[in-house]
Amino acid sequence: MNYAWEAALEADRCGIQREDLRYVPVRDGSPYTEVVQEEINNREIKKKEIEINPLYRYAKEFSGILDINLKGYEKTRLLFFDICMQYLVQLDLRQGMSRQEYALRFLFSDLLDGVCGSQAAEVVQGFEKRKLSQLLRLILKLYRCGSSIHLFREVMRRLYPDSLVYASNEAVCQVLIYVGVKEEKEEQNRLKFLQDMFLPLNYEVFLFWEHHFGIIDVKETMELDEMVLF
């Protein structure tokens, strides 16, 4: 890990909010990296306080403010440095954004503003960052390609890795879904949102949560107390 923006991305991977990170200037930092850590090749974020060599990229901007000979307002200067680094990290990350990334940001903002309803806004807020990113990309794909059972299968596979989606042999527009998680209110709301968003209106959906429905000649689905009848 070299730059402060890499620490922010690693925090995303670890489930840490970027806003919770605090950037602290250090005097004995390496002249070869911006992020100061004991192991130069380590990428794991073990604490929310990120030590930074303030002179690695921004010597002109910070050398006067963080001069060791300057006395007084220590807490104010540290706070100012953290605020500046928060902004600079976001600026770094935005410089690498593609046109699609901008579209995803606008899409997320619209969902939070209730364009698809207040329930959809509440559901979207509940997703962790990694799954939210996958969901938004698939919603963008939905706008371009239209709703379909194939796209619904993809979103279920991304958000619920153990899930299975079956097309019924009895009716063309009937779908059987094994979710693979415990049935809870939050999960119910998420599945309702996904159905409304990705499936055509004329589709009939049957949900199976923790237990799969029994399929003759498929041993894994015919275990007692581990199956449901359909």
# chains A, B, ... in the order shown; residues from 1 in each chain; ligands from 1
>>> select_by_dssp(residues="segment 3-120 of chain A", states="helix (DSSP H, G or I)", output="JSON, numbers by chain")
{"A": [4, 5, 6, 7, 8, 9, 10, 11, 12, 13, 18, 19, 20, 55, 56, 57, 58, 59, 60, 61, 62, 74, 75, 76, 77, 78, 79, 80, 81, 82, 83, 84, 85, 86, 87, 88, 89, 90, 91, 92, 93, 94, 95, 99, 100, 101, 102, 103, 104, 105, 106, 107, 108, 109, 110, 111, 112, 118, 119, 120]}
>>> write_last_selection(atoms="C-alpha atoms", output="tab-separated table (two decimals), in the first residue's frame")
chain	number	residue	atom	x	y	z
A	4	ALA	CA	-3.81	7.30	0.94
A	5	TRP	CA	-6.51	6.49	-1.63
A	6	GLU	CA	-5.38	2.84	-1.56
A	7	ALA	CA	-6.10	2.81	2.17
A	8	ALA	CA	-9.61	4.14	1.45
A	9	LEU	CA	-10.27	1.37	-1.08
A	10	GLU	CA	-8.95	-1.26	1.34
A	11	ALA	CA	-11.28	0.13	3.99
A	12	ASP	CA	-14.17	-0.45	1.57
A	13	ARG	CA	-13.10	-4.07	1.18
A	18	ARG	CA	-14.29	5.85	4.47
A	19	GLU	CA	-15.65	8.67	6.65
A	20	ASP	CA	-14.49	6.78	9.75
A	55	LEU	CA	5.52	15.61	2.58
A	56	TYR	CA	5.42	12.67	0.15
A	57	ARG	CA	3.14	14.42	-2.36
A	58	TYR	CA	2.12	17.64	-0.67
A	59	ALA	CA	5.33	19.09	0.74
A	60	LYS	CA	4.57	22.55	-0.63
A	61	GLU	CA	1.09	22.59	0.90
A	62	PHE	CA	1.81	21.11	4.34
A	74	GLU	CA	-1.61	21.37	17.48
A	75	LYS	CA	-5.13	19.90	17.58
A	76	THR	CA	-6.40	22.45	15.06
A	77	ARG	CA	-3.55	21.66	12.66
A	78	LEU	CA	-4.17	17.92	12.96
A	79	LEU	CA	-7.87	18.44	12.31
A	80	PHE	CA	-7.10	20.64	9.31
A	81	PHE	CA	-4.74	18.00	7.92
A	82	ASP	CA	-7.38	15.26	8.27
A	83	ILE	CA	-10.01	17.41	6.51
A	84	CYS	CA	-7.61	18.18	3.67
A	85	MET	CA	-6.65	14.52	3.25
A	86	GLN	CA	-10.29	13.42	3.24
A	87	TYR	CA	-10.90	15.81	0.35
A	88	LEU	CA	-7.70	14.88	-1.50
A	89	VAL	CA	-8.43	11.16	-1.23
A	90	GLN	CA	-11.89	11.67	-2.74
A	91	LEU	CA	-10.35	13.82	-5.46
A	92	ASP	CA	-7.84	11.05	-6.26
A	93	LEU	CA	-10.58	8.43	-6.47
A	94	ARG	CA	-12.83	10.55	-8.68
A	95	GLN	CA	-10.02	11.10	-11.19
A	99	ARG	CA	-18.63	7.46	-17.43
A	100	GLN	CA	-20.33	4.37	-16.00
A	101	GLU	CA	-19.14	5.22	-12.48
A	102	TYR	CA	-20.75	8.65	-12.75
A	103	ALA	CA	-23.97	7.02	-13.97
A	104	LEU	CA	-23.91	4.64	-10.98
A	105	ARG	CA	-23.51	7.57	-8.58
A	106	PHE	CA	-26.49	9.37	-10.08
A	107	LEU	CA	-28.51	6.15	-10.00
A	108	PHE	CA	-27.71	5.60	-6.32
A	109	SER	CA	-28.65	9.18	-5.53
A	110	ASP	CA	-31.98	8.79	-7.34
A	111	LEU	CA	-32.78	5.60	-5.43
A	112	LEU	CA	-32.03	7.26	-2.09
A	118	SER	CA	-39.51	4.93	-0.11
A	119	GLN	CA	-39.30	1.17	0.47
A	120	ALA	CA	-36.73	0.82	-2.33
>>> select_by_dssp(residues="segment 66-223 of chain A", states="strand (DSSP E or B)", output="list in words")
Leu164, Val165, Tyr166, Ala167, Gln174, Val175, Leu176, Ile177, Tyr178, Glu204, Val205, Phe206, Leu207, Phe208, His212 and Phe213 of chain A
>>> residues_around(residues="Gly15 of chain A", least_positions_apart="6", cutoff="12 Å", atoms="only C-alpha atoms", output="number ranges by chain")
A: 8-9, 21, 44-46, 48, 127-131
>>> residues_around(residues="Val181 of chain A", least_positions_apart="2", cutoff="9 Å", atoms="only C-alpha atoms", output="number ranges by chain")
A: 160, 162-163, 178-179, 183-184, 187, 209-211
>>> atom_distance(atom1="atom CA of Cys116 of chain A", atom2="atom CA of Met97 of chain A")
25.3 Å
>>> atom_distance(atom1="atom CA of Asn2 of chain A", atom2="atom CA of Ser133 of chain A")
24.6 Å
>>> residues_around(residues="Arg27 of chain A", least_positions_apart="5", cutoff="12 Å", atoms="only C-alpha atoms", output="NGL selection string")
:A and (34 or 36 or 51-56 or 63 or 66-68)
>>> write_last_selection(atoms="C-alpha atoms", output="PDB file, in the first residue's frame")
ATOM      1  CA  GLU A  34       2.621   8.057   1.557  1.00  0.00           C
ATOM      2  CA  VAL A  36       3.312   4.835   6.880  1.00  0.00           C
ATOM      3  CA  GLU A  51      -0.532   7.435   9.447  1.00  0.00           C
ATOM      4  CA  ILE A  52       0.560   9.622   6.540  1.00  0.00           C
ATOM      5  CA  ASN A  53       3.836  11.127   5.400  1.00  0.00           C
ATOM      6  CA  PRO A  54       2.491  14.626   4.671  1.00  0.00           C
ATOM      7  CA  LEU A  55       5.519  15.608   2.584  1.00  0.00           C
ATOM      8  CA  TYR A  56       5.417  12.671   0.154  1.00  0.00           C
ATOM      9  CA  SER A  63       5.453  21.887   5.145  1.00  0.00           C
ATOM     10  CA  LEU A  66       3.286  21.049  10.046  1.00  0.00           C
ATOM     11  CA  ASP A  67       6.681  22.625  10.671  1.00  0.00           C
ATOM     12  CA  ILE A  68       8.147  21.047  13.835  1.00  0.00           C
TER      13      ILE A  68
END
>>> atom_distance(atom1="atom CA of Phe193 of chain A", atom2="atom CA of Phe208 of chain A")
16.4 Å
>>> closest_residue(among="A:Ile177, A:Leu164, A:Leu142, A:Ala171", to="Pro200 of chain A", atoms="only C-alpha atoms")
A:Leu142
>>> residues_around(residues="Ala167 of chain A", least_positions_apart="5", cutoff="10 Å", atoms="only C-alpha atoms", output="VMD selection string")
chain A and resid 149 172 to 177 205
